[in-house]
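Shown here: input.tsv, TSV, C-alpha atoms (C1' of nucleotides).
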```
chain	number	residue	atom	x	y	z
I	1	MET	CA	157.58	-76.73	-236.83
I	2	THR	CA	155.92	-73.44	-237.68
I	3	ALA	CA	154.90	-72.49	-241.23
I	4	THR	CA	157.43	-70.19	-242.86
I	5	ARG	CA	158.05	-68.74	-246.29
I	6	LYS	CA	161.13	-67.59	-248.10
I	7	PRO	CA	161.70	-63.88	-247.39
I	8	ALA	CA	161.29	-61.80	-250.54
I	9	ALA	CA	163.64	-58.97	-251.42
I	10	SER	CA	160.59	-56.64	-251.41
I	11	ASP	CA	159.71	-57.45	-247.77
I	12	PRO	CA	159.74	-54.40	-245.50
I	13	PRO	CA	162.64	-54.61	-243.05
I	14	ALA	CA	161.50	-56.22	-239.81
I	15	MET	CA	160.47	-53.64	-237.22
I	16	SER	CA	162.45	-53.60	-234.00
I	17	TYR	CA	160.97	-52.59	-230.67
I	18	GLY	CA	164.34	-52.04	-229.05
I	19	LEU	CA	164.26	-52.52	-225.29
I	20	LEU	CA	160.48	-52.67	-225.09
I	21	PRO	CA	160.09	-56.47	-225.23
I	22	ASP	CA	162.27	-56.67	-222.10
I	23	LEU	CA	159.83	-54.48	-220.18
I	24	LEU	CA	156.81	-55.78	-218.32
I	25	GLY	CA	154.91	-52.57	-219.04
I	26	PHE	CA	155.11	-53.22	-222.77
I	27	HIS	CA	153.47	-56.63	-222.44
I	28	LEU	CA	150.99	-55.38	-219.85
I	29	ARG	CA	149.88	-52.67	-222.27
I	30	ARG	CA	149.60	-55.06	-225.22
I	31	ALA	CA	147.55	-57.50	-223.17
I	32	GLN	CA	145.26	-54.72	-222.08
I	33	VAL	CA	144.81	-53.44	-225.63
I	34	ALA	CA	143.96	-56.99	-226.75
I	35	LEU	CA	141.49	-57.36	-223.89
I	36	PHE	CA	139.83	-53.99	-224.64
I	37	ARG	CA	139.43	-54.94	-228.28
I	38	HIS	CA	137.95	-58.29	-227.38
I	39	PHE	CA	135.61	-56.64	-224.87
I	40	ALA	CA	134.52	-54.04	-227.42
I	41	HIS	CA	133.75	-56.69	-230.02
I	42	SER	CA	132.02	-59.17	-227.75
I	43	VAL	CA	130.40	-57.21	-224.91
I	44	GLY	CA	130.45	-53.67	-226.31
I	45	THR	CA	128.55	-54.32	-229.52
I	46	ALA	CA	125.85	-56.25	-227.66
I	47	ALA	CA	125.43	-53.90	-224.72
I	48	ASP	CA	126.98	-50.45	-225.38
I	49	ILE	CA	129.26	-50.53	-222.36
I	50	THR	CA	132.99	-50.19	-221.68
I	51	PRO	CA	135.12	-52.01	-219.12
I	52	GLY	CA	135.22	-48.83	-217.05
I	53	LEU	CA	131.48	-48.30	-216.93
I	54	PHE	CA	130.93	-51.99	-216.24
I	55	GLY	CA	133.31	-51.75	-213.29
I	56	MET	CA	131.40	-48.80	-211.86
I	57	LEU	CA	128.11	-50.67	-212.25
I	58	GLN	CA	129.56	-53.73	-210.51
I	59	VAL	CA	130.72	-51.76	-207.49
I	60	ILE	CA	127.38	-49.94	-207.24
I	61	ALA	CA	125.53	-53.26	-207.46
I	62	ALA	CA	127.77	-54.90	-204.88
I	63	ASN	CA	127.43	-52.03	-202.37
I	64	PRO	CA	123.80	-50.87	-202.31
I	65	GLY	CA	123.38	-47.29	-201.15
I	66	LEU	CA	126.99	-46.39	-201.83
I	67	ALA	CA	127.69	-42.64	-201.70
I	68	GLN	CA	129.35	-41.08	-204.75
I	69	SER	CA	132.44	-40.15	-202.76
I	70	ARG	CA	132.86	-43.74	-201.57
I	71	LEU	CA	132.58	-44.97	-205.15
I	72	ALA	CA	135.25	-42.46	-206.16
I	73	GLU	CA	137.56	-43.82	-203.45
I	74	ALA	CA	136.90	-47.42	-204.47
I	75	MET	CA	137.67	-46.66	-208.13
I	76	GLU	CA	140.59	-44.40	-207.22
I	77	VAL	CA	139.31	-41.43	-209.21
I	78	GLU	CA	138.28	-37.91	-208.24
I	79	ARG	CA	134.82	-37.18	-206.82
I	80	SER	CA	134.15	-34.90	-209.77
I	81	THR	CA	134.80	-37.74	-212.21
I	82	ILE	CA	132.00	-39.77	-210.66
I	83	VAL	CA	129.44	-37.04	-211.37
I	84	LYS	CA	129.52	-37.67	-215.12
I	85	VAL	CA	129.59	-41.43	-214.68
I	86	ALA	CA	126.51	-41.25	-212.45
I	87	ASP	CA	124.86	-38.82	-214.90
I	88	GLN	CA	125.40	-41.30	-217.74
I	89	LEU	CA	124.17	-44.35	-215.85
I	90	GLU	CA	121.18	-42.40	-214.53
I	91	ALA	CA	120.33	-41.05	-218.00
I	92	ARG	CA	120.30	-44.63	-219.23
I	93	GLY	CA	117.94	-45.59	-216.42
I	94	LEU	CA	120.37	-48.05	-214.86
I	95	ILE	CA	120.88	-46.32	-211.50
I	96	GLU	CA	119.18	-43.77	-209.26
I	97	ARG	CA	120.57	-41.11	-206.96
I	98	VAL	CA	118.63	-41.58	-203.75
I	99	PRO	CA	118.97	-38.82	-201.10
I	100	SER	CA	120.57	-40.22	-197.97
I	101	ALA	CA	118.28	-40.46	-194.94
I	102	VAL	CA	121.10	-39.62	-192.53
I	103	ASP	CA	123.20	-37.05	-194.42
I	104	ARG	CA	121.47	-34.54	-196.62
I	105	ARG	CA	124.64	-33.76	-198.57
I	106	SER	CA	124.95	-37.37	-199.68
I	107	HIS	CA	123.46	-39.26	-202.62
I	108	CYS	CA	123.12	-43.01	-202.34
I	109	LEU	CA	123.59	-44.83	-205.63
I	110	GLU	CA	121.13	-47.66	-206.24
I	111	LEU	CA	120.47	-49.91	-209.21
I	112	THR	CA	117.02	-49.54	-210.72
I	113	GLU	CA	114.97	-52.58	-211.73
I	114	THR	CA	116.08	-51.90	-215.31
I	115	GLY	CA	119.65	-51.65	-214.09
I	116	ARG	CA	119.45	-55.00	-212.33
I	117	GLY	CA	118.13	-56.65	-215.48
I	118	GLU	CA	120.67	-55.00	-217.74
I	119	LEU	CA	123.52	-55.80	-215.38
I	120	ALA	CA	122.53	-59.47	-215.27
I	121	ARG	CA	122.54	-59.54	-219.05
I	122	ILE	CA	125.89	-57.71	-219.28
I	123	GLU	CA	127.43	-60.03	-216.68
I	124	GLY	CA	126.57	-62.96	-218.92
I	125	LEU	CA	128.28	-61.24	-221.85
I	126	VAL	CA	131.31	-60.33	-219.73
I	127	LEU	CA	131.74	-63.86	-218.41
I	128	ALA	CA	131.50	-65.24	-221.96
I	129	HIS	CA	134.09	-62.67	-223.07
I	130	GLU	CA	136.35	-63.68	-220.19
I	131	ALA	CA	136.02	-67.38	-221.00
I	132	ASP	CA	136.71	-66.75	-224.67
I	133	LEU	CA	139.68	-64.49	-224.01
I	134	THR	CA	141.30	-66.88	-221.54
I	135	ALA	CA	140.58	-69.98	-223.63
I	136	LYS	CA	144.21	-69.64	-224.75
I	137	LEU	CA	145.31	-70.48	-221.19
I	138	THR	CA	144.76	-73.51	-218.99
I	139	PRO	CA	142.83	-72.86	-215.77
I	140	ALA	CA	146.10	-73.20	-213.85
I	141	GLU	CA	147.81	-70.66	-216.09
I	142	ARG	CA	144.91	-68.27	-215.75
I	143	GLN	CA	145.15	-68.51	-211.97
I	144	THR	CA	148.92	-68.05	-212.05
I	145	LEU	CA	148.55	-64.97	-214.22
I	146	THR	CA	145.95	-63.45	-211.89
I	147	ARG	CA	148.10	-64.12	-208.82
I	148	LEU	CA	151.22	-62.62	-210.37
I	149	LEU	CA	149.28	-59.52	-211.45
I	150	ILE	CA	147.92	-59.10	-207.92
I	151	ARG	CA	151.41	-59.35	-206.44
I	152	LEU	CA	152.72	-56.84	-208.94
I	153	ALA	CA	150.00	-54.35	-208.02
I	154	GLU	CA	150.40	-54.72	-204.25
E	155	MET	CA	150.64	-64.47	-188.84
E	156	THR	CA	149.60	-61.07	-190.10
E	157	ALA	CA	148.99	-58.11	-187.81
E	158	THR	CA	145.28	-57.58	-187.13
E	159	ARG	CA	143.13	-55.45	-184.88
E	160	LYS	CA	139.70	-55.84	-183.43
E	161	PRO	CA	137.15	-54.34	-185.82
E	162	ALA	CA	135.51	-51.26	-184.32
E	163	ALA	CA	131.80	-50.60	-184.65
E	164	SER	CA	132.68	-47.33	-186.39
E	165	ASP	CA	134.63	-49.10	-189.15
E	166	PRO	CA	133.21	-48.43	-192.58
E	167	PRO	CA	131.63	-51.56	-194.03
E	168	ALA	CA	134.13	-53.44	-196.21
E	169	MET	CA	133.83	-52.50	-199.86
E	170	SER	CA	132.88	-55.25	-202.28
E	171	TYR	CA	134.04	-55.31	-205.89
E	172	GLY	CA	131.41	-57.83	-206.95
E	173	LEU	CA	132.46	-59.91	-209.92
E	174	LEU	CA	135.49	-57.77	-210.72
E	175	PRO	CA	138.10	-59.82	-208.80
E	176	ASP	CA	137.11	-62.81	-210.98
E	177	LEU	CA	138.01	-60.91	-214.13
E	178	LEU	CA	141.47	-60.77	-215.64
E	179	GLY	CA	140.82	-57.26	-216.96
E	180	PHE	CA	140.40	-55.95	-213.41
E	181	HIS	CA	143.80	-57.23	-212.34
E	182	LEU	CA	145.41	-56.21	-215.62
E	183	ARG	CA	144.18	-52.66	-215.07
E	184	ARG	CA	145.31	-52.54	-211.44
E	185	ALA	CA	148.75	-53.80	-212.37
E	186	GLN	CA	149.01	-51.19	-215.09
E	187	VAL	CA	147.92	-48.40	-212.76
E	188	ALA	CA	150.53	-49.53	-210.24
E	189	LEU	CA	153.19	-49.64	-212.94
E	190	PHE	CA	152.28	-46.17	-214.25
E	191	ARG	CA	152.50	-44.73	-210.75
E	192	HIS	CA	155.84	-46.35	-210.16
E	193	PHE	CA	157.11	-45.11	-213.54
E	194	ALA	CA	155.88	-41.59	-212.85
E	195	HIS	CA	157.61	-41.50	-209.46
E	196	SER	CA	160.89	-43.08	-210.52
E	197	VAL	CA	161.46	-42.27	-214.20
E	198	GLY	CA	159.00	-39.40	-214.72
E	199	THR	CA	160.30	-37.09	-212.00
E	200	ALA	CA	163.90	-37.57	-213.16
E	201	ALA	CA	163.32	-37.26	-216.90
E	202	ASP	CA	159.91	-35.73	-217.72
E	203	ILE	CA	158.74	-38.66	-219.84
E	204	THR	CA	155.78	-41.04	-219.90
E	205	PRO	CA	155.72	-44.74	-220.80
E	206	GLY	CA	154.06	-43.82	-224.10
E	207	LEU	CA	156.65	-41.27	-225.16
E	208	PHE	CA	159.45	-43.57	-224.04
E	209	GLY	CA	158.01	-46.31	-226.24
E	210	MET	CA	157.93	-44.00	-229.24
E	211	LEU	CA	161.53	-42.97	-228.62
E	212	GLN	CA	162.61	-46.61	-228.33
E	213	VAL	CA	161.06	-47.55	-231.67
E	214	ILE	CA	162.55	-44.50	-233.39
E	215	ALA	CA	165.98	-45.32	-231.94
E	216	ALA	CA	165.73	-48.98	-232.91
E	217	ASN	CA	164.67	-48.20	-236.50
E	218	PRO	CA	166.75	-45.31	-237.80
E	219	GLY	CA	165.10	-43.37	-240.61
E	220	LEU	CA	161.63	-44.68	-239.79
E	221	ALA	CA	158.82	-42.84	-241.59
E	222	GLN	CA	156.04	-41.38	-239.45
E	223	SER	CA	153.46	-43.68	-241.03
E	224	ARG	CA	155.55	-46.75	-240.23
E	225	LEU	CA	155.87	-45.60	-236.62
E	226	ALA	CA	152.10	-45.18	-236.49
E	227	GLU	CA	151.64	-48.75	-237.70
E	228	ALA	CA	154.18	-50.10	-235.20
E	229	MET	CA	152.46	-48.31	-232.31
E	230	GLU	CA	148.99	-49.13	-233.62
E	231	VAL	CA	147.81	-45.52	-233.61
E	232	GLU	CA	146.63	-43.17	-236.33
E	233	ARG	CA	149.09	-41.30	-238.56
E	234	SER	CA	147.69	-38.02	-237.29
E	235	THR	CA	148.48	-38.99	-233.69
E	236	ILE	CA	152.17	-39.32	-234.55
E	237	VAL	CA	152.33	-35.70	-235.75
E	238	LYS	CA	151.97	-34.34	-232.23
E	239	VAL	CA	154.31	-36.93	-230.77
E	240	ALA	CA	156.98	-36.02	-233.33
E	241	ASP	CA	156.32	-32.30	-232.71
E	242	GLN	CA	156.90	-32.80	-228.99
E	243	LEU	CA	160.06	-34.86	-229.35
E	244	GLU	CA	161.39	-32.47	-231.99
E	245	ALA	CA	160.60	-29.41	-229.83
E	246	ARG	CA	162.61	-31.05	-227.07
E	247	GLY	CA	165.50	-31.55	-229.42
E	248	LEU	CA	165.42	-35.34	-229.11
E	249	ILE	CA	164.58	-36.21	-232.71
E	250	GLU	CA	164.73	-34.67	-236.19
E	251	ARG	CA	162.45	-34.98	-239.19
E	252	VAL	CA	164.82	-35.67	-242.07
E	253	PRO	CA	163.33	-35.46	-245.59
E	254	SER	CA	163.51	-38.85	-247.28
E	255	ALA	CA	165.94	-39.10	-250.17
E	256	VAL	CA	163.70	-41.49	-252.09
E	257	ASP	CA	160.16	-40.25	-251.34
E	258	ARG	CA	159.58	-36.56	-251.02
E	259	ARG	CA	156.31	-37.05	-249.14
E	260	SER	CA	158.08	-38.90	-246.38
E	261	HIS	CA	159.86	-37.71	-243.24
E	262	CYS	CA	162.46	-39.98	-241.74
E	263	LEU	CA	162.64	-39.78	-237.96
E	264	GLU	CA	166.15	-39.76	-236.51
E	265	LEU	CA	167.51	-39.32	-233.00
E	266	THR	CA	169.67	-36.23	-232.54
E	267	GLU	CA	172.90	-36.40	-230.58
E	268	THR	CA	171.02	-34.89	-227.65
E	269	GLY	CA	168.32	-37.53	-228.16
E	270	ARG	CA	170.84	-40.36	-228.04
E	271	GLY	CA	172.31	-39.04	-224.79
E	272	GLU	CA	168.92	-38.45	-223.20
E	273	LEU	CA	167.65	-41.85	-224.29
E	274	ALA	CA	170.67	-43.58	-222.78
E	275	ARG	CA	170.01	-41.79	-219.51
E	276	ILE	CA	166.28	-42.58	-219.59
E	277	GLU	CA	166.99	-46.23	-220.38
E	278	GLY	CA	169.01	-46.45	-217.20
E	279	LEU	CA	166.13	-44.99	-215.22
E	280	VAL	CA	163.61	-47.31	-216.91
E	281	LEU	CA	165.69	-50.42	-216.23
E	282	ALA	CA	166.06	-49.41	-212.58
E	283	HIS	CA	162.30	-48.82	-212.41
E	284	GLU	CA	161.70	-52.24	-213.96
E	285	ALA	CA	164.05	-53.94	-211.51
E	286	ASP	CA	162.47	-52.18	-208.56
E	287	LEU	CA	158.93	-52.91	-209.68
E	288	THR	CA	159.59	-56.58	-210.31
E	289	ALA	CA	161.65	-57.06	-207.15
E	290	LYS	CA	158.46	-58.52	-205.69
E	291	LEU	CA	158.77	-61.44	-208.11
E	292	THR	CA	161.45	-64.07	-208.60
E	293	PRO	CA	163.14	-64.08	-212.02
E	294	ALA	CA	161.17	-67.21	-212.90
E	295	GLU	CA	157.89	-65.58	-211.90
E	296	ARG	CA	158.74	-62.51	-213.90
E	297	GLN	CA	159.40	-64.64	-216.96
E	298	THR	CA	156.20	-66.63	-216.42
E	299	LEU	CA	154.20	-63.43	-216.16
E	300	THR	CA	155.70	-62.03	-219.36
E	301	ARG	CA	155.03	-65.27	-221.25
E	302	LEU	CA	151.43	-65.48	-220.10
E	303	LEU	CA	150.81	-61.84	-221.05
E	304	ILE	CA	152.26	-62.48	-224.52
E	305	ARG	CA	150.01	-65.49	-225.02
E	306	LEU	CA	147.00	-63.50	-223.88
E	307	ALA	CA	147.73	-60.74	-226.37
E	308	GLU	CA	148.35	-63.06	-229.33
V	309	DT	C1'	144.26	-43.67	-257.49
V	310	DA	C1'	146.84	-44.28	-253.30
V	311	DT	C1'	149.93	-42.62	-249.75
V	312	DT	C1'	152.40	-39.03	-246.57
V	313	DG	C1'	152.18	-35.62	-243.54
V	314	DT	C1'	149.28	-32.19	-241.83
V	315	DT	C1'	145.34	-29.54	-239.85
V	316	DA	C1'	140.92	-28.90	-237.72
V	317	DT	C1'	137.85	-30.85	-234.90
V	318	DA	C1'	135.83	-33.72	-231.44
V	319	DC	C1'	135.37	-37.27	-227.95
V	320	DT	C1'	136.80	-39.76	-223.69
V	321	DC	C1'	138.91	-39.85	-219.42
V	322	DT	C1'	140.89	-37.58	-216.05
V	323	DA	C1'	142.35	-33.70	-212.80
V	324	DT	C1'	142.17	-29.00	-210.37
V	325	DA	C1'	139.83	-25.32	-208.37
V	326	DA	C1'	135.98	-23.01	-206.79
V	327	DC	C1'	131.13	-23.01	-205.44
V	328	DT	C1'	126.76	-24.58	-202.36
V	329	DA	C1'	124.70	-26.96	-198.98
V	330	DT	C1'	125.21	-29.30	-195.49
V	331	DA	C1'	127.75	-31.54	-191.26
X	332	DT	C1'	136.35	-26.46	-190.40
X	333	DA	C1'	135.51	-30.34	-193.12
X	334	DT	C1'	132.81	-33.05	-196.36
X	335	DA	C1'	129.38	-34.19	-200.47
X	336	DG	C1'	128.07	-33.13	-204.73
X	337	DT	C1'	128.49	-30.03	-208.47
X	338	DT	C1'	130.31	-26.97	-212.16
X	339	DA	C1'	133.68	-24.94	-215.19
X	340	DT	C1'	137.76	-25.63	-217.19
X	341	DA	C1'	141.84	-27.78	-218.89
X	342	DG	C1'	145.07	-31.33	-220.36
X	343	DA	C1'	146.31	-35.98	-222.18
X	344	DG	C1'	145.43	-39.24	-225.66
X	345	DT	C1'	142.96	-40.71	-229.18
X	346	DA	C1'	140.08	-40.72	-233.61
X	347	DT	C1'	137.81	-38.95	-238.07
X	348	DA	C1'	137.69	-36.23	-242.10
X	349	DA	C1'	139.60	-33.33	-245.36
X	350	DC	C1'	143.57	-31.14	-247.67
X	351	DA	C1'	148.10	-30.42	-250.48
X	352	DA	C1'	152.06	-32.58	-252.19
X	353	DT	C1'	153.79	-36.50	-254.13
X	354	DA	C1'	153.89	-41.32	-255.76
```
Rewrite the structure of this file - the entire thing - as structure tokens.
Amino acid sequence: MTATRKPAASDPPAMSYGLLPDLLGFHLRRAQVALFRHFAHSVGTAADITPGLFGMLQVIAANPGLAQSRLAEAMEVERSTIVKVADQLEARGLIERVPSAVDRRSHCLELTETGRGELARIEGLVLAHEADLTAKLTPAERQTLTRLLIRLAE
Amino acid sequence: MTATRKPAASDPPAMSYGLLPDLLGFHLRRAQVALFRHFAHSVGTAADITPGLFGMLQVIAANPGLAQSRLAEAMEVERSTIVKVADQLEARGLIERVPSAVDRRSHCLELTETGRGELARIEGLVLAHEADLTAKLTPAERQTLTRLLIRLAE
DNA sequence: TATTGTTATACTCTATAACTATA
DNA sequence: TATAGTTATAGAGTATAACAATA
């Protein structure tokens, strides 16, 4: 049995969320807020990075020489949005814009040596964050959750 | 068996997402993006509302006479953020700011008659959106997903 | 002193539209 | 004509800090 206490007359009336608890989007949002907070506290304070920037860095690392427009497609954002992301990562010395050898309009994004080192460090932090966050679930539950989310997004 | 075709030499190389598919946050985000798109196409075009505004309206409707500061706490945003939300909903004639009888600093948020009608209509659209979105899942899977998301957010 | 609503301001993330240099 | 990167600009959504009125 869970710990309870006698409700006092001075208690604020319990808040109702109406229909929201019946909606998947409500729980999806709450889970994401919880994850962002956990990420900010664990990874963010140790490495000054957000989930979004980390995602960009991952895709750049996994696809050496990726053009900015291809990154935009992969992340499902506008080309123009990538400019500032690349500016930021370049200003921090994590990536380089290398002119393409075959298309002079195109910039190939590449991790720098610094970027490779930083990314390795951040990956360690992210994996620890992931393990900590999902410690509430069994491995089977974690896999079930991932699979259901994938099917929802398809 | 799934339909396939012979890969052509001109195919772009398959994009890799690196570590991202191993991370819950990646799938959480994709699911939320998919849900937002679906909401925008189904509910949004018929009622000019976003998931965020709908959530605010739900909590106001479910807690008549709620003060702005209490709404801010319930939605986990700053007091000052609520001002614009209330402005918007009031400008659309959906809610009213009623001066509190017991605390002259406080504004009690109340649905107008128009607001009640509109909310009822929007709720219908939202429930249809929810049913359509989750048609990919069995009722048991839907419940499992909700439960796992709740445990993740706890 | 603390709280309520408000304003002014700013920051992040994103999009649109127009520009240039290539293709 | 179409594409790659860029710029300028704007719109959500959010936060911080300060203020007047009130508790």
Can you move chain E onto chain I by a least-squares fit over all C-alpha atoms paired in order, then give me the moved copy as a short mmCIF file (atom, residue, chain, number, x, y, z; two decimals) with C-alpha atoms, in the frame of the given file?
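New file result_6.cif:
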```
data_model
loop_
_atom_site.label_atom_id
_atom_site.label_comp_id
_atom_site.auth_asym_id
_atom_site.auth_seq_id
_atom_site.Cartn_x
_atom_site.Cartn_y
_atom_site.Cartn_z
CA MET E 155 157.03 -76.85 -237.54
CA THR E 156 155.51 -73.49 -238.33
CA ALA E 157 154.60 -72.40 -241.85
CA THR E 158 157.26 -70.13 -243.37
CA ARG E 159 158.03 -68.60 -246.73
CA LYS E 160 161.17 -67.46 -248.40
CA PRO E 161 161.77 -63.79 -247.58
CA ALA E 162 161.43 -61.61 -250.67
CA ALA E 163 163.82 -58.77 -251.40
CA SER E 164 160.82 -56.43 -251.36
CA ASP E 165 159.88 -57.37 -247.78
CA PRO E 166 159.93 -54.40 -245.45
CA PRO E 167 162.79 -54.66 -242.97
CA ALA E 168 161.61 -56.29 -239.73
CA MET E 169 160.58 -53.73 -237.14
CA SER E 170 162.55 -53.67 -233.91
CA TYR E 171 161.02 -52.64 -230.59
CA GLY E 172 164.38 -52.08 -228.93
CA LEU E 173 164.30 -52.55 -225.19
CA LEU E 174 160.51 -52.69 -225.00
CA PRO E 175 160.11 -56.50 -225.15
CA ASP E 176 162.30 -56.68 -222.01
CA LEU E 177 159.85 -54.51 -220.09
CA LEU E 178 156.83 -55.79 -218.24
CA GLY E 179 154.93 -52.57 -218.96
CA PHE E 180 155.12 -53.24 -222.70
CA HIS E 181 153.49 -56.64 -222.36
CA LEU E 182 151.01 -55.39 -219.77
CA ARG E 183 149.89 -52.70 -222.21
CA ARG E 184 149.62 -55.10 -225.15
CA ALA E 185 147.58 -57.53 -223.10
CA GLN E 186 145.27 -54.74 -222.02
CA VAL E 187 144.84 -53.48 -225.58
CA ALA E 188 143.99 -57.02 -226.68
CA LEU E 189 141.51 -57.39 -223.84
CA PHE E 190 139.85 -54.04 -224.60
CA ARG E 191 139.45 -54.99 -228.25
CA HIS E 192 137.98 -58.33 -227.34
CA PHE E 193 135.61 -56.68 -224.83
CA ALA E 194 134.54 -54.09 -227.38
CA HIS E 195 133.78 -56.75 -229.99
CA SER E 196 132.03 -59.22 -227.70
CA VAL E 197 130.41 -57.26 -224.86
CA GLY E 198 130.45 -53.72 -226.29
CA THR E 199 128.54 -54.42 -229.50
CA ALA E 200 125.85 -56.35 -227.61
CA ALA E 201 125.41 -53.97 -224.68
CA ASP E 202 126.95 -50.53 -225.37
CA ILE E 203 129.24 -50.59 -222.34
CA THR E 204 132.96 -50.22 -221.66
CA PRO E 205 135.11 -52.04 -219.09
CA GLY E 206 135.20 -48.84 -217.04
CA LEU E 207 131.46 -48.32 -216.91
CA PHE E 208 130.92 -52.01 -216.22
CA GLY E 209 133.29 -51.75 -213.27
CA MET E 210 131.38 -48.79 -211.86
CA LEU E 211 128.10 -50.66 -212.23
CA GLN E 212 129.55 -53.72 -210.49
CA VAL E 213 130.69 -51.72 -207.47
CA ILE E 214 127.36 -49.90 -207.23
CA ALA E 215 125.49 -53.22 -207.43
CA ALA E 216 127.74 -54.86 -204.85
CA ASN E 217 127.41 -51.96 -202.38
CA PRO E 218 123.81 -50.81 -202.31
CA GLY E 219 123.36 -47.21 -201.17
CA LEU E 220 126.99 -46.30 -201.87
CA ALA E 221 127.69 -42.56 -201.76
CA GLN E 222 129.33 -41.00 -204.81
CA SER E 223 132.43 -40.08 -202.81
CA ARG E 224 132.85 -43.65 -201.60
CA LEU E 225 132.57 -44.91 -205.17
CA ALA E 226 135.24 -42.40 -206.19
CA GLU E 227 137.55 -43.74 -203.49
CA ALA E 228 136.89 -47.36 -204.48
CA MET E 229 137.65 -46.61 -208.14
CA GLU E 230 140.58 -44.36 -207.26
CA VAL E 231 139.28 -41.40 -209.26
CA GLU E 232 138.24 -37.89 -208.32
CA ARG E 233 134.79 -37.14 -206.89
CA SER E 234 134.10 -34.87 -209.84
CA THR E 235 134.76 -37.72 -212.28
CA ILE E 236 131.96 -39.76 -210.70
CA VAL E 237 129.40 -37.02 -211.43
CA LYS E 238 129.50 -37.69 -215.16
CA VAL E 239 129.56 -41.44 -214.70
CA ALA E 240 126.47 -41.26 -212.48
CA ASP E 241 124.82 -38.85 -214.95
CA GLN E 242 125.37 -41.34 -217.77
CA LEU E 243 124.13 -44.37 -215.87
CA GLU E 244 121.16 -42.41 -214.55
CA ALA E 245 120.30 -41.09 -218.04
CA ARG E 246 120.27 -44.69 -219.21
CA GLY E 247 117.91 -45.62 -216.43
CA LEU E 248 120.35 -48.07 -214.85
CA ILE E 249 120.86 -46.33 -211.51
CA GLU E 250 119.15 -43.76 -209.28
CA ARG E 251 120.54 -41.08 -206.99
CA VAL E 252 118.60 -41.55 -203.76
CA PRO E 253 118.96 -38.78 -201.14
CA SER E 254 120.58 -40.16 -198.01
CA ALA E 255 118.33 -40.39 -194.98
CA VAL E 256 121.15 -39.56 -192.58
CA ASP E 257 123.26 -36.99 -194.48
CA ARG E 258 121.51 -34.50 -196.67
CA ARG E 259 124.67 -33.73 -198.64
CA SER E 260 124.96 -37.31 -199.75
CA HIS E 261 123.44 -39.21 -202.68
CA CYS E 262 123.11 -42.94 -202.36
CA LEU E 263 123.55 -44.78 -205.64
CA GLU E 264 121.11 -47.63 -206.24
CA LEU E 265 120.45 -49.91 -209.19
CA THR E 266 116.99 -49.54 -210.70
CA GLU E 267 114.97 -52.58 -211.69
CA THR E 268 116.04 -51.93 -215.28
CA GLY E 269 119.64 -51.67 -214.04
CA ARG E 270 119.45 -55.03 -212.29
CA GLY E 271 118.12 -56.70 -215.43
CA GLU E 272 120.66 -55.04 -217.70
CA LEU E 273 123.51 -55.84 -215.34
CA ALA E 274 122.53 -59.50 -215.22
CA ARG E 275 122.55 -59.59 -219.00
CA ILE E 276 125.89 -57.76 -219.23
CA GLU E 277 127.43 -60.07 -216.64
CA GLY E 278 126.60 -63.00 -218.86
CA LEU E 279 128.29 -61.30 -221.80
CA VAL E 280 131.33 -60.37 -219.68
CA LEU E 281 131.76 -63.91 -218.35
CA ALA E 282 131.54 -65.30 -221.89
CA HIS E 283 134.10 -62.72 -223.02
CA GLU E 284 136.37 -63.71 -220.13
CA ALA E 285 136.05 -67.40 -220.94
CA ASP E 286 136.74 -66.79 -224.61
CA LEU E 287 139.70 -64.53 -223.95
CA THR E 288 141.32 -66.90 -221.49
CA ALA E 289 140.62 -70.01 -223.56
CA LYS E 290 144.24 -69.68 -224.68
CA LEU E 291 145.33 -70.49 -221.13
CA THR E 292 144.79 -73.52 -218.92
CA PRO E 293 142.86 -72.89 -215.70
CA ALA E 294 146.13 -73.19 -213.77
CA GLU E 295 147.84 -70.66 -216.03
CA ARG E 296 144.93 -68.30 -215.68
CA GLN E 297 145.16 -68.52 -211.90
CA THR E 298 148.94 -68.06 -211.98
CA LEU E 299 148.57 -64.98 -214.14
CA THR E 300 145.96 -63.46 -211.83
CA ARG E 301 148.11 -64.13 -208.75
CA LEU E 302 151.22 -62.62 -210.29
CA LEU E 303 149.29 -59.52 -211.38
CA ILE E 304 147.92 -59.10 -207.85
CA ARG E 305 151.40 -59.35 -206.36
CA LEU E 306 152.71 -56.83 -208.86
CA ALA E 307 150.00 -54.34 -207.96
CA GLU E 308 150.39 -54.71 -204.19
#
```
### Task
Using all atoms listed in the file, find which residues of chain X lie within 10 Å of chain I and jot them down as a ChimeraX atom specification.
/X:334-338
### Message
With all atoms listed in the file considered, list every residue of chain I at most 8 Å from chain E, as a ChimeraX atom specification.
### Response
/I:15-20,23-25,27-35,55,58-59,61-63,74,130,133-134,136-137,141,145-146,148-154
### Task
Would you work out the distance separating C1' of DC321 in chain V from CA of Thr81 in chain I, expressed in Å to one decimal?
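One can read the C1' of DC321 in chain V to CA of Thr81 in chain I distance as 8.6 Å.
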Pull out every residue of chain V sitting within 12 Å of chain E, counting only C-alpha atoms (C1' of nucleotides), and send them as a tab-separated table (two decimals) with C-alpha atoms (C1' of nucleotides), in the frame of the given file.
```
chain	number	residue	atom	x	y	z
V	311	DT	C1'	149.93	-42.62	-249.75
V	312	DT	C1'	152.40	-39.03	-246.57
V	313	DG	C1'	152.18	-35.62	-243.54
V	314	DT	C1'	149.28	-32.19	-241.83
V	315	DT	C1'	145.34	-29.54	-239.85
V	316	DA	C1'	140.92	-28.90	-237.72
```
### Query
What does the distance from CA of Ala120 in chain I to CA of Thr45 in chain I come to in Å, to one decimal?
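Atom-to-atom, CA of Ala120 in chain I to CA of Thr45 in chain I, that is 16.3 Å.
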